[in-house]
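Below is model-v4.pdb, holding PDB, C-alpha atoms and all ligand atoms.
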ATOM      1  CA  MET A   1      -2.834 -27.947  -5.316
ATOM      2  CA  ASP A   2      -2.498 -24.142  -5.244
ATOM      3  CA  LYS A   3       0.346 -22.715  -3.153
ATOM      4  CA  ILE A   4       0.216 -18.956  -2.792
ATOM      5  CA  LEU A   5       3.167 -16.680  -2.057
ATOM      6  CA  VAL A   6       2.394 -13.090  -1.021
ATOM      7  CA  ILE A   7       5.278 -10.615  -1.285
ATOM      8  CA  GLY A   8       4.829  -7.393   0.700
ATOM      9  CA  ALA A   9       2.184  -9.023   2.887
ATOM     10  CA  ALA A  10       2.517  -6.525   5.745
ATOM     11  CA  GLY A  11       1.533  -3.517   3.628
ATOM     12  CA  GLN A  12      -1.860  -1.837   3.569
ATOM     13  CA  LEU A  13      -3.180  -4.036   0.753
ATOM     14  CA  GLY A  14      -1.059  -7.075   1.591
ATOM     15  CA  LEU A  15      -2.432  -7.562   5.067
ATOM     16  CA  GLU A  16      -6.065  -7.733   4.002
ATOM     17  CA  LEU A  17      -5.402  -9.619   0.782
ATOM     18  CA  THR A  18      -3.350 -12.251   2.606
ATOM     19  CA  HIS A  19      -6.203 -12.809   5.069
ATOM     20  CA  ALA A  20      -8.659 -13.126   2.177
ATOM     21  CA  LEU A  21      -6.361 -15.596   0.393
ATOM     22  CA  THR A  22      -6.064 -17.609   3.609
ATOM     23  CA  ASP A  23      -9.875 -17.758   3.733
ATOM     24  CA  GLN A  24     -10.027 -18.904   0.116
ATOM     25  CA  PHE A  25      -7.170 -21.417  -0.018
ATOM     26  CA  GLY A  26      -6.636 -22.357   3.647
ATOM     27  CA  GLY A  27      -3.777 -21.247   5.894
ATOM     28  CA  ASP A  28      -1.494 -24.168   4.924
ATOM     29  CA  GLN A  29      -1.518 -23.053   1.301
ATOM     30  CA  VAL A  30      -0.516 -19.419   1.862
ATOM     31  CA  ILE A  31       2.947 -18.064   2.693
ATOM     32  CA  ALA A  32       3.059 -14.404   3.725
ATOM     33  CA  THR A  33       6.414 -12.674   3.276
ATOM     34  CA  ASP A  34       7.724  -9.225   4.057
ATOM     35  CA  LEU A  35      10.980  -7.431   4.682
ATOM     36  CA  LYS A  36       9.992  -6.743   8.294
ATOM     37  CA  ALA A  37      10.208  -9.692  10.711
ATOM     38  CA  ILE A  38       8.023  -7.782  13.142
ATOM     39  CA  ALA A  39       5.106  -8.315  10.770
ATOM     40  CA  SER A  40       4.932 -12.031  11.619
ATOM     41  CA  SER A  41       2.514 -11.424  14.513
ATOM     42  CA  GLN A  42      -0.106 -10.238  12.014
ATOM     43  CA  PHE A  43      -0.329 -13.612  10.284
ATOM     44  CA  ALA A  44      -1.680 -16.056  12.833
ATOM     45  CA  ASN A  45      -3.508 -18.137  10.194
ATOM     46  CA  CYS A  46      -0.718 -18.787   7.720
ATOM     47  CA  ARG A  47       3.051 -19.143   7.608
ATOM     48  CA  PHE A  48       5.210 -16.026   7.622
ATOM     49  CA  GLU A  49       8.766 -15.673   6.292
ATOM     50  CA  VAL A  50      11.097 -12.720   6.037
ATOM     51  CA  LEU A  51      11.932 -12.150   2.372
ATOM     52  CA  ASP A  52      13.715  -9.419   0.442
ATOM     53  CA  VAL A  53      12.164  -9.572  -3.032
ATOM     54  CA  MET A  54      15.327  -7.971  -4.431
ATOM     55  CA  ASP A  55      17.189 -11.148  -3.498
ATOM     56  CA  LYS A  56      16.283 -13.243  -6.533
ATOM     57  CA  ASP A  57      18.130 -16.320  -5.277
ATOM     58  CA  ALA A  58      16.267 -16.307  -1.952
ATOM     59  CA  LEU A  59      12.974 -15.820  -3.785
ATOM     60  CA  GLY A  60      13.791 -18.637  -6.208
ATOM     61  CA  THR A  61      14.770 -20.995  -3.363
ATOM     62  CA  LEU A  62      11.473 -20.296  -1.598
ATOM     63  CA  VAL A  63       9.416 -20.779  -4.769
ATOM     64  CA  LYS A  64      11.143 -24.093  -5.522
ATOM     65  CA  ARG A  65      11.192 -25.451  -1.970
ATOM     66  CA  GLU A  66       7.530 -24.648  -1.327
ATOM     67  CA  GLN A  67       6.334 -25.567  -4.828
ATOM     68  CA  VAL A  68       4.659 -22.193  -5.145
ATOM     69  CA  THR A  69       2.051 -21.977  -7.928
ATOM     70  CA  GLN A  70       0.892 -18.349  -7.618
ATOM     71  CA  ILE A  71       2.656 -15.139  -6.555
ATOM     72  CA  TYR A  72       0.973 -11.937  -5.414
ATOM     73  CA  HIS A  73       3.744  -9.369  -5.684
ATOM     74  CA  LEU A  74       2.617  -6.293  -3.711
ATOM     75  CA  ALA A  75       5.900  -4.733  -2.558
ATOM     76  CA  ALA A  76       6.431  -1.227  -3.985
ATOM     77  CA  VAL A  77       7.523   2.298  -3.162
ATOM     78  CA  LEU A  78       4.435   4.536  -3.608
ATOM     79  CA  SER A  79       4.077   7.951  -5.257
ATOM     80  CA  ALA A  80       4.952  10.448  -2.522
ATOM     81  CA  THR A  81       7.812   8.429  -1.003
ATOM     82  CA  GLY A  82       9.102   7.642  -4.487
ATOM     83  CA  GLU A  83       9.641  11.321  -5.249
ATOM     84  CA  LYS A  84      12.030  11.552  -2.292
ATOM     85  CA  THR A  85      14.199   8.632  -3.463
ATOM     86  CA  PRO A  86      13.501   8.301  -7.203
ATOM     87  CA  LEU A  87      16.354   5.966  -8.128
ATOM     88  CA  PHE A  88      15.680   3.621  -5.235
ATOM     89  CA  ALA A  89      11.950   3.615  -6.091
ATOM     90  CA  TRP A  90      12.688   2.750  -9.713
ATOM     91  CA  GLN A  91      15.121   0.004  -8.713
ATOM     92  CA  LEU A  92      12.806  -1.595  -6.175
ATOM     93  CA  ASN A  93       9.653  -1.359  -8.262
ATOM     94  CA  MET A  94      11.232  -2.627 -11.491
ATOM     95  CA  ASP A  95      13.838  -5.152 -10.336
ATOM     96  CA  SER A  96      11.411  -6.861  -7.986
ATOM     97  CA  LEU A  97       8.811  -7.257 -10.747
ATOM     98  CA  LEU A  98      11.410  -8.635 -13.152
ATOM     99  CA  ASN A  99      12.601 -11.087 -10.488
ATOM    100  CA  VAL A 100       9.035 -12.359 -10.098
ATOM    101  CA  LEU A 101       8.317 -12.535 -13.842
ATOM    102  CA  GLU A 102      11.580 -14.382 -14.517
ATOM    103  CA  LEU A 103      10.806 -16.959 -11.837
ATOM    104  CA  ALA A 104       7.257 -17.327 -13.163
ATOM    105  CA  LYS A 105       8.750 -18.161 -16.557
ATOM    106  CA  GLU A 106      11.445 -20.446 -15.159
ATOM    107  CA  TYR A 107       9.140 -22.480 -12.904
ATOM    108  CA  ALA A 108       6.040 -22.220 -15.162
ATOM    109  CA  LEU A 109       3.967 -20.776 -12.319
ATOM    110  CA  ASP A 110       0.187 -20.833 -12.767
ATOM    111  CA  LYS A 111      -0.602 -17.158 -12.103
ATOM    112  CA  ILE A 112       1.013 -13.893 -11.044
ATOM    113  CA  TYR A 113      -0.753 -10.863  -9.557
ATOM    114  CA  TRP A 114       0.926  -7.465  -9.703
ATOM    115  CA  PRO A 115      -0.825  -4.177  -8.886
ATOM    116  CA  SER A 116      -0.610  -1.155 -11.114
ATOM    117  CA  SER A 117      -2.136   2.232 -10.295
ATOM    118  CA  ILE A 118      -3.932   5.330 -11.542
ATOM    119  CA  ALA A 119      -0.419   6.830 -11.307
ATOM    120  CA  VAL A 120       0.248   5.516 -14.846
ATOM    121  CA  PHE A 121      -1.840   8.471 -16.043
ATOM    122  CA  GLY A 122      -0.421  11.971 -16.313
ATOM    123  CA  PRO A 123      -1.147  15.587 -17.156
ATOM    124  CA  GLY A 124      -2.134  14.832 -20.775
ATOM    125  CA  THR A 125      -4.653  12.118 -19.845
ATOM    126  CA  PRO A 126      -8.414  12.873 -20.058
ATOM    127  CA  LYS A 127      -9.390  13.524 -16.430
ATOM    128  CA  ILE A 128     -13.059  12.544 -16.394
ATOM    129  CA  ASN A 129     -13.892   8.869 -16.905
ATOM    130  CA  THR A 130     -10.321   8.231 -17.955
ATOM    131  CA  PRO A 131     -10.446   5.505 -20.610
ATOM    132  CA  GLN A 132      -8.577   2.208 -20.452
ATOM    133  CA  PHE A 133      -6.597   3.120 -23.556
ATOM    134  CA  CYS A 134      -5.483   6.748 -23.790
ATOM    135  CA  GLU A 135      -2.433   8.974 -23.522
ATOM    136  CA  LYS A 136      -0.320   8.171 -20.477
ATOM    137  CA  ASN A 137       2.527  10.443 -19.537
ATOM    138  CA  PRO A 138       3.139   9.867 -15.805
ATOM    139  CA  ASN A 139       5.281  12.471 -14.081
ATOM    140  CA  THR A 140       6.209  10.566 -10.919
ATOM    141  CA  VAL A 141       8.832   7.852 -10.710
ATOM    142  CA  TYR A 142       6.147   5.600  -9.212
ATOM    143  CA  GLY A 143       3.874   6.184 -12.227
ATOM    144  CA  ILE A 144       6.734   5.694 -14.673
ATOM    145  CA  SER A 145       7.667   2.413 -12.978
ATOM    146  CA  LYS A 146       4.043   1.211 -13.005
ATOM    147  CA  LEU A 147       3.649   2.029 -16.699
ATOM    148  CA  ALA A 148       6.920   0.251 -17.528
ATOM    149  CA  GLY A 149       5.779  -2.666 -15.348
ATOM    150  CA  GLU A 150       2.552  -2.930 -17.328
ATOM    151  CA  GLY A 151       4.688  -3.200 -20.461
ATOM    152  CA  TRP A 152       6.762  -5.981 -18.905
ATOM    153  CA  CYS A 153       3.645  -7.879 -17.833
ATOM    154  CA  THR A 154       2.298  -7.779 -21.387
ATOM    155  CA  TYR A 155       5.705  -8.843 -22.698
ATOM    156  CA  TYR A 156       5.984 -11.893 -20.416
ATOM    157  CA  PHE A 157       2.407 -12.894 -21.238
ATOM    158  CA  GLU A 158       2.878 -12.593 -24.989
ATOM    159  CA  LYS A 159       6.425 -14.015 -25.261
ATOM    160  CA  TYR A 160       6.382 -16.670 -22.548
ATOM    161  CA  GLY A 161       2.706 -17.275 -21.741
ATOM    162  CA  VAL A 162       3.087 -16.093 -18.112
ATOM    163  CA  ASP A 163      -0.483 -15.667 -16.820
ATOM    164  CA  VAL A 164       0.065 -12.294 -15.180
ATOM    165  CA  ARG A 165      -2.952 -10.239 -14.112
ATOM    166  CA  SER A 166      -3.139  -6.674 -12.867
ATOM    167  CA  LEU A 167      -5.434  -3.857 -11.714
ATOM    168  CA  ARG A 168      -4.824  -0.120 -11.818
ATOM    169  CA  TYR A 169      -5.892   0.600  -8.251
ATOM    170  CA  PRO A 170      -7.308   3.975  -7.319
ATOM    171  CA  GLY A 171      -6.359   5.280  -3.847
ATOM    172  CA  LEU A 172      -7.102   2.435  -1.412
ATOM    173  CA  ILE A 173      -8.842   3.225   1.875
ATOM    174  CA  GLY A 174      -8.837   0.699   4.688
ATOM    175  CA  TYR A 175      -8.990   0.758   8.474
ATOM    176  CA  LYS A 176      -6.946  -2.327   9.367
ATOM    177  CA  SER A 177      -3.489  -0.881   8.722
ATOM    178  CA  LEU A 178      -1.722   2.428   8.266
ATOM    179  CA  PRO A 179      -1.033   3.696   4.767
ATOM    180  CA  GLY A 180       2.508   3.881   3.408
ATOM    181  CA  GLY A 181       3.620   6.931   1.454
ATOM    182  CA  GLY A 182       0.895   7.511  -1.145
ATOM    183  CA  THR A 183      -0.689  10.744  -2.392
ATOM    184  CA  THR A 184      -4.183   9.386  -1.792
ATOM    185  CA  ASP A 185      -3.362   8.459   1.815
ATOM    186  CA  TYR A 186      -4.891  11.650   3.226
ATOM    187  CA  ALA A 187      -8.198   9.801   2.825
ATOM    188  CA  VAL A 188      -7.015   7.216   5.374
ATOM    189  CA  ASP A 189      -5.312   9.619   7.802
ATOM    190  CA  ILE A 190      -8.421  11.799   7.995
ATOM    191  CA  TYR A 191     -10.412   9.013   9.716
ATOM    192  CA  HIS A 192      -7.678   8.546  12.338
ATOM    193  CA  LYS A 193      -7.940  12.238  13.253
ATOM    194  CA  ALA A 194     -11.741  12.083  13.310
ATOM    195  CA  ILE A 195     -11.869   9.244  15.857
ATOM    196  CA  ALA A 196      -9.218  11.005  17.974
ATOM    197  CA  ASN A 197     -11.339  14.196  17.960
ATOM    198  CA  GLN A 198      -8.433  16.132  16.505
ATOM    199  CA  PRO A 199      -8.481  18.631  13.603
ATOM    200  CA  PHE A 200      -7.098  17.365  10.306
ATOM    201  CA  THR A 201      -4.577  19.231   8.152
ATOM    202  CA  CYS A 202      -4.985  18.089   4.557
ATOM    203  CA  PHE A 203      -1.972  18.158   2.208
ATOM    204  CA  LEU A 204      -4.286  18.512  -0.814
ATOM    205  CA  SER A 205      -6.599  21.423  -1.620
ATOM    206  CA  GLU A 206     -10.305  21.078  -0.839
ATOM    207  CA  GLY A 207     -11.450  20.567  -4.435
ATOM    208  CA  THR A 208      -8.920  17.917  -5.505
ATOM    209  CA  TYR A 209     -10.943  15.047  -6.957
ATOM    210  CA  LEU A 210      -9.269  11.645  -7.030
ATOM    211  CA  PRO A 211     -10.487   8.112  -7.747
ATOM    212  CA  MET A 212     -10.594   6.076  -4.535
ATOM    213  CA  MET A 213     -11.735   2.620  -3.451
ATOM    214  CA  TYR A 214     -12.750   1.072  -0.134
ATOM    215  CA  MET A 215     -10.504  -1.874   0.724
ATOM    216  CA  PRO A 216     -13.210  -4.600   0.733
ATOM    217  CA  GLU A 217     -13.959  -3.673  -2.880
ATOM    218  CA  ALA A 218     -10.279  -3.767  -3.840
ATOM    219  CA  ILE A 219      -9.930  -7.217  -2.272
ATOM    220  CA  LYS A 220     -13.025  -8.496  -4.072
ATOM    221  CA  ALA A 221     -11.869  -7.049  -7.404
ATOM    222  CA  THR A 222      -8.449  -8.674  -6.978
ATOM    223  CA  LEU A 223      -9.869 -12.094  -6.159
ATOM    224  CA  ASP A 224     -12.487 -11.822  -8.927
ATOM    225  CA  LEU A 225      -9.768 -11.064 -11.462
ATOM    226  CA  MET A 226      -7.506 -13.847 -10.195
ATOM    227  CA  ASN A 227     -10.338 -16.380 -10.131
ATOM    228  CA  ALA A 228     -11.564 -15.475 -13.628
ATOM    229  CA  PRO A 229     -10.926 -18.041 -16.376
ATOM    230  CA  ARG A 230      -7.704 -17.291 -18.271
ATOM    231  CA  GLU A 231      -9.448 -16.538 -21.574
ATOM    232  CA  THR A 232     -11.695 -13.848 -20.024
ATOM    233  CA  VAL A 233      -8.665 -11.797 -18.933
ATOM    234  CA  LYS A 234      -8.158  -9.967 -22.195
ATOM    235  CA  ILE A 235      -6.033  -7.066 -20.945
ATOM    236  CA  ARG A 236      -2.558  -8.116 -19.846
ATOM    237  CA  SER A 237      -1.129  -4.679 -19.083
ATOM    238  CA  SER A 238      -3.563  -3.730 -16.288
ATOM    239  CA  TYR A 239      -7.301  -3.104 -15.940
ATOM    240  CA  ASN A 240      -8.791   0.297 -15.077
ATOM    241  CA  LEU A 241     -10.822  -0.045 -11.874
ATOM    242  CA  ALA A 242     -13.242   2.494 -10.406
ATOM    243  CA  GLY A 243     -14.775   2.853  -6.958
ATOM    244  CA  ILE A 244     -15.786   6.272  -5.611
ATOM    245  CA  SER A 245     -14.392   9.672  -6.646
ATOM    246  CA  PHE A 246     -14.439  12.485  -4.098
ATOM    247  CA  SER A 247     -12.540  15.586  -2.952
ATOM    248  CA  PRO A 248     -11.077  16.317   0.528
ATOM    249  CA  LYS A 249     -14.050  18.639   1.136
ATOM    250  CA  GLU A 250     -16.537  15.862   0.348
ATOM    251  CA  ILE A 251     -14.888  13.251   2.585
ATOM    252  CA  PHE A 252     -14.692  15.866   5.345
ATOM    253  CA  GLU A 253     -18.433  16.575   4.991
ATOM    254  CA  SER A 254     -19.190  12.871   5.018
ATOM    255  CA  ILE A 255     -17.257  12.449   8.295
ATOM    256  CA  LYS A 256     -18.836  15.576   9.787
ATOM    257  CA  LYS A 257     -22.266  13.939   9.467
ATOM    258  CA  GLN A 258     -21.006  11.366  12.005
ATOM    259  CA  VAL A 259     -18.579  13.571  13.984
ATOM    260  CA  PRO A 260     -20.151  17.080  14.006
ATOM    261  CA  SER A 261     -17.237  18.725  15.867
ATOM    262  CA  PHE A 262     -14.657  17.583  13.280
ATOM    263  CA  GLU A 263     -12.496  20.329  11.727
ATOM    264  CA  ILE A 264     -10.230  20.518   8.691
ATOM    265  CA  LYS A 265      -7.720  22.955   7.233
ATOM    266  CA  TYR A 266      -5.923  22.765   3.904
ATOM    267  CA  GLN A 267      -2.160  23.094   3.493
ATOM    268  CA  PRO A 268      -1.257  21.716   0.053
ATOM    269  CA  ASP A 269       2.364  20.540  -0.323
ATOM    270  CA  PHE A 270       4.391  18.782  -3.042
ATOM    271  CA  ARG A 271       1.742  16.044  -3.249
ATOM    272  CA  GLN A 272      -0.730  18.533  -4.748
ATOM    273  CA  SER A 273       1.035  18.512  -8.115
ATOM    274  CA  ILE A 274       1.053  14.699  -8.114
ATOM    275  CA  ALA A 275      -2.695  14.647  -7.434
ATOM    276  CA  ASP A 276      -3.280  17.324 -10.098
ATOM    277  CA  SER A 277      -1.670  15.085 -12.703
ATOM    278  CA  TRP A 278      -4.006  12.148 -11.982
ATOM    279  CA  PRO A 279      -7.568  11.454 -13.191
ATOM    280  CA  HIS A 280     -10.698  12.578 -11.341
ATOM    281  CA  SER A 281     -12.670   9.488 -12.274
ATOM    282  CA  ILE A 282     -12.056   6.238 -14.128
ATOM    283  CA  ASP A 283     -13.883   4.321 -16.860
ATOM    284  CA  ASP A 284     -13.664   0.654 -15.907
ATOM    285  CA  SER A 285     -16.005  -0.710 -18.571
ATOM    286  CA  HIS A 286     -13.419  -3.286 -19.739
ATOM    287  CA  ALA A 287     -13.213  -4.799 -16.250
ATOM    288  CA  ARG A 288     -17.024  -4.891 -16.096
ATOM    289  CA  ALA A 289     -17.348  -6.500 -19.526
ATOM    290  CA  ASP A 290     -14.464  -8.992 -19.315
ATOM    291  CA  TRP A 291     -14.787 -10.449 -15.808
ATOM    292  CA  GLY A 292     -17.920  -8.886 -14.347
ATOM    293  CA  TRP A 293     -16.559  -6.135 -12.080
ATOM    294  CA  LYS A 294     -19.124  -3.944 -10.272
ATOM    295  CA  PRO A 295     -18.341  -1.537  -7.383
ATOM    296  CA  PHE A 296     -20.727  -1.537  -4.432
ATOM    297  CA  TYR A 297     -19.741   1.213  -1.919
ATOM    298  CA  GLU A 298     -20.603   4.927  -1.851
ATOM    299  CA  LEU A 299     -18.894   7.603   0.269
ATOM    300  CA  ASP A 300     -21.252   7.806   3.268
ATOM    301  CA  GLY A 301     -21.523   4.007   3.515
ATOM    302  CA  MET A 302     -17.733   3.715   3.548
ATOM    303  CA  THR A 303     -17.398   6.483   6.157
ATOM    304  CA  GLN A 304     -19.922   4.833   8.485
ATOM    305  CA  ASP A 305     -18.209   1.480   8.171
ATOM    306  CA  ILE A 306     -14.722   2.892   8.804
ATOM    307  CA  LEU A 307     -15.747   5.003  11.797
ATOM    308  CA  LYS A 308     -17.431   1.935  13.284
ATOM    309  CA  HIS A 309     -14.426  -0.375  12.938
ATOM    310  CA  LEU A 310     -11.354   1.850  13.110
ATOM    311  CA  PRO A 311     -11.271   2.365  16.922
ATOM    312  CA  SER A 312     -10.908  -1.365  17.583
ATOM    313  CA  PHE A 313      -7.876  -1.568  15.245
ATOM    314  CA  PHE A 314      -6.326   1.772  16.284
ATOM    315  CA  PRO A 315      -7.672   2.878  19.678
ATOM    316  CA  PRO A 316      -7.519   6.703  19.765
ATOM    317  CA  GLN A 317      -4.645   8.007  21.879
ATOM    318  CA  PRO A 318      -5.621  10.368  24.732
TER     319      PRO A 318
HETATM  320  C1  LIG A 401      -0.477   6.479  -4.144
HETATM  321  O1  LIG A 401      -1.149   7.454  -3.760
HETATM  322  O2  LIG A 401       0.721   6.533  -4.445
HETATM  323  C2  LIG A 401      -1.178   5.148  -4.279
HETATM  324  C3  LIG A 401      -1.713   4.939  -5.660
HETATM  325  C4  LIG A 401      -2.786   5.785  -6.188
HETATM  326  O3  LIG A 401      -1.256   4.060  -6.329
HETATM  327  N1  LIG A 401      -2.245   5.047  -3.331
END
Could you take the file, read its structure, and then write that structure out as structure tokens?
Amino acid sequence: MDKILVIGAAGQLGLELTHALTDQFGGDQVIATDLKAIASSQFANCRFEVLDVMDKDALGTLVKREQVTQIYHLAAVLSATGEKTPLFAWQLNMDSLLNVLELAKEYALDKIYWPSSIAVFGPGTPKINTPQFCEKNPNTVYGISKLAGEGWCTYYFEKYGVDVRSLRYPGLIGYKSLPGGGTTDYAVDIYHKAIANQPFTCFLSEGTYLPMMYMPEAIKATLDLMNAPRETVKIRSSYNLAGISFSPKEIFESIKKQVPSFEIKYQPDFRQSIADSWPHSIDDSHARADWGWKPFYELDGMTQDILKHLPSFFPPQP
């Protein structure tokens, strides 16, 4: 029987993915873990344990004791935060992945999921419809660690047969939790300001196009990839994945259709150069061909859905 361990379950992606995994496998089969004990209240339908993924012995004990068969390893320092503490970001992002891959080899686990990112691309990458295979020269420590991680995933698959699967997520936009230190996170914060009837100051310039994805699509893509038969998963570094590409001006205009009084101003900071090094749009034809991926949201549909649901998760403060 499948036993699923989620590492970094209290993060923006982790929270929603853990709930989806609980729906798929049943609460008894899923163990949510995070560094923060306070997160336990968010996992009423499955077990929660405090875990530091850097502690390989504690991770190994948990995997053995619970007879874990699959690990979703989501803990990471993201792009903007990573630039403030580069060595810590490298250490956390790399050592934690190696801990998980080593245990997957040692205990012959069935499957591993590890997210990569559009941050693996860099200034020399083609910006429009960025291909799966092209020049990658990331210039953030986050991007460098994701690119190295993709190499390690391929290595463990080829040398040891570890069935590790990965997606290069665009910026993820959800309404159930707050984002955590990414360059694309302006596209989450902007909705919080809109429902609070406050003006939004954007840290990117109005014309900065970035690939983004609404959370329900990211969850579906992740489960589709993980549920695909082993032989259909032909790329073992990480799959390109596309949702919607838009600029701060376009998301602002989309929100303004629903909240006519909404205002924005632009004050680009250090995150602008990170965004400028990333693609505008992504070619995900390999994901479509290999395991049937197809995105289903457009910008206005996502905006309507978020504005409808966000106030019940984060009631606007007076
Ligand atoms: C970030 O902005 O750092 C992340 C990402 C694109 O991986 N959302």
Enumerate as an mmCIF file with C-alpha atoms, keeping the file's coordinate frame the residues within 7 Å of ligand LIG 401 (chain A), counting all atoms listed in the file.
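Contents of result-v9.cif, as written:
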data_model
loop_
_atom_site.group_PDB
_atom_site.id
_atom_site.type_symbol
_atom_site.label_atom_id
_atom_site.label_comp_id
_atom_site.auth_asym_id
_atom_site.auth_seq_id
_atom_site.Cartn_x
_atom_site.Cartn_y
_atom_site.Cartn_z
ATOM 1 C CA LEU A 78 4.435 4.536 -3.608
ATOM 2 C CA SER A 79 4.077 7.951 -5.257
ATOM 3 C CA ALA A 80 4.952 10.448 -2.522
ATOM 4 C CA SER A 117 -2.136 2.232 -10.295
ATOM 5 C CA ILE A 118 -3.932 5.330 -11.542
ATOM 6 C CA ALA A 119 -0.419 6.830 -11.307
ATOM 7 C CA TYR A 169 -5.892 0.600 -8.251
ATOM 8 C CA PRO A 170 -7.308 3.975 -7.319
ATOM 9 C CA GLY A 171 -6.359 5.280 -3.847
ATOM 10 C CA LEU A 172 -7.102 2.435 -1.412
ATOM 11 C CA GLY A 181 3.620 6.931 1.454
ATOM 12 C CA GLY A 182 0.895 7.511 -1.145
ATOM 13 C CA THR A 183 -0.689 10.744 -2.392
ATOM 14 C CA THR A 184 -4.183 9.386 -1.792
ATOM 15 C CA ASP A 185 -3.362 8.459 1.815
#
Evaluate the PyMOL selection byres (((chain A and resi 38) around 12) and not hetatm) and report residues as a ChimeraX atom specification: /A:9-10,33-37,39-43,48-50
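Interatomic distance, atom CA of Leu98 of chain A against atom CA of Lys3 of chain A: 20.5 Å.
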Atomic separation - atom CA of Phe157 of chain A relative to atom CA of Lys111 of chain A, Å: 10.5 Å
Nearest candidate to Asp52 of chain A (options A:Tyr72, A:Leu92, A:Leu241, A:Leu17; using all atoms listed in the file): A:Leu92
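Counting all atoms listed in the file and comparing A:Gly149, A:Pro311, A:Gly14, A:Pro211, the residue that lies closest to Ile282 of chain A is A:Pro211.
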Output of the PyMOL selection byres (((chain A and resi 16) around 12) and not hetatm), listed as number ranges by chain: A: 6, 8-15, 17-23, 32, 42-43, 74, 172-178, 214-220, 222-223
For Ser277 of chain A: contacts at 9 Å, only C-alpha atoms, fewer than 6 positions along chain excluded, given as a ChimeraX atom specification: /A:119,121-125,127,138-139
Residue with smallest distance to Ser312 of chain A - pool A:Ser285, A:Leu109, A:Leu299, A:Ile195, counting all atoms listed in the file: A:Ile195
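Those residues returned by the PyMOL selection byres (((chain A and resi 101) around 10) and not hetatm) for this file are Ile71, His73, Asp95, Ser96, Leu97, Leu98, Asn99, Val100, Glu102, Leu103, Ala104, Lys105, Glu106, Leu109, Ile112, Trp114, Trp152, Cys153, Tyr155, Tyr156, Phe157, Tyr160, Val162, Asp163 and Val164 of chain A.
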Create the file for the chosen residues now, containing C-alpha atoms and written as a PDB file, in the coordinates of the input.
ATOM      1  CA  ILE A  71       2.656 -15.139  -6.555  1.00  0.00           C
ATOM      2  CA  HIS A  73       3.744  -9.369  -5.684  1.00  0.00           C
ATOM      3  CA  ASP A  95      13.838  -5.152 -10.336  1.00  0.00           C
ATOM      4  CA  SER A  96      11.411  -6.861  -7.986  1.00  0.00           C
ATOM      5  CA  LEU A  97       8.811  -7.257 -10.747  1.00  0.00           C
ATOM      6  CA  LEU A  98      11.410  -8.635 -13.152  1.00  0.00           C
ATOM      7  CA  ASN A  99      12.601 -11.087 -10.488  1.00  0.00           C
ATOM      8  CA  VAL A 100       9.035 -12.359 -10.098  1.00  0.00           C
ATOM      9  CA  GLU A 102      11.580 -14.382 -14.517  1.00  0.00           C
ATOM     10  CA  LEU A 103      10.806 -16.959 -11.837  1.00  0.00           C
ATOM     11  CA  ALA A 104       7.257 -17.327 -13.163  1.00  0.00           C
ATOM     12  CA  LYS A 105       8.750 -18.161 -16.557  1.00  0.00           C
ATOM     13  CA  GLU A 106      11.445 -20.446 -15.159  1.00  0.00           C
ATOM     14  CA  LEU A 109       3.967 -20.776 -12.319  1.00  0.00           C
ATOM     15  CA  ILE A 112       1.013 -13.893 -11.044  1.00  0.00           C
ATOM     16  CA  TRP A 114       0.926  -7.465  -9.703  1.00  0.00           C
ATOM     17  CA  TRP A 152       6.762  -5.981 -18.905  1.00  0.00           C
ATOM     18  CA  CYS A 153       3.645  -7.879 -17.833  1.00  0.00           C
ATOM     19  CA  TYR A 155       5.705  -8.843 -22.698  1.00  0.00           C
ATOM     20  CA  TYR A 156       5.984 -11.893 -20.416  1.00  0.00           C
ATOM     21  CA  PHE A 157       2.407 -12.894 -21.238  1.00  0.00           C
ATOM     22  CA  TYR A 160       6.382 -16.670 -22.548  1.00  0.00           C
ATOM     23  CA  VAL A 162       3.087 -16.093 -18.112  1.00  0.00           C
ATOM     24  CA  ASP A 163      -0.483 -15.667 -16.820  1.00  0.00           C
ATOM     25  CA  VAL A 164       0.065 -12.294 -15.180  1.00  0.00           C
TER      26      VAL A 164
END
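For the choices A:Ser238, A:Gln29, A:Ser261, A:Ser166, the atom-to-atom distance to Ala196 of chain A is smallest for A:Ser261 when using all atoms listed in the file.
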Interatomic distance, atom CA of Leu51 of chain A to atom CA of Gln91 of chain A (Å, one decimal): 16.8 Å
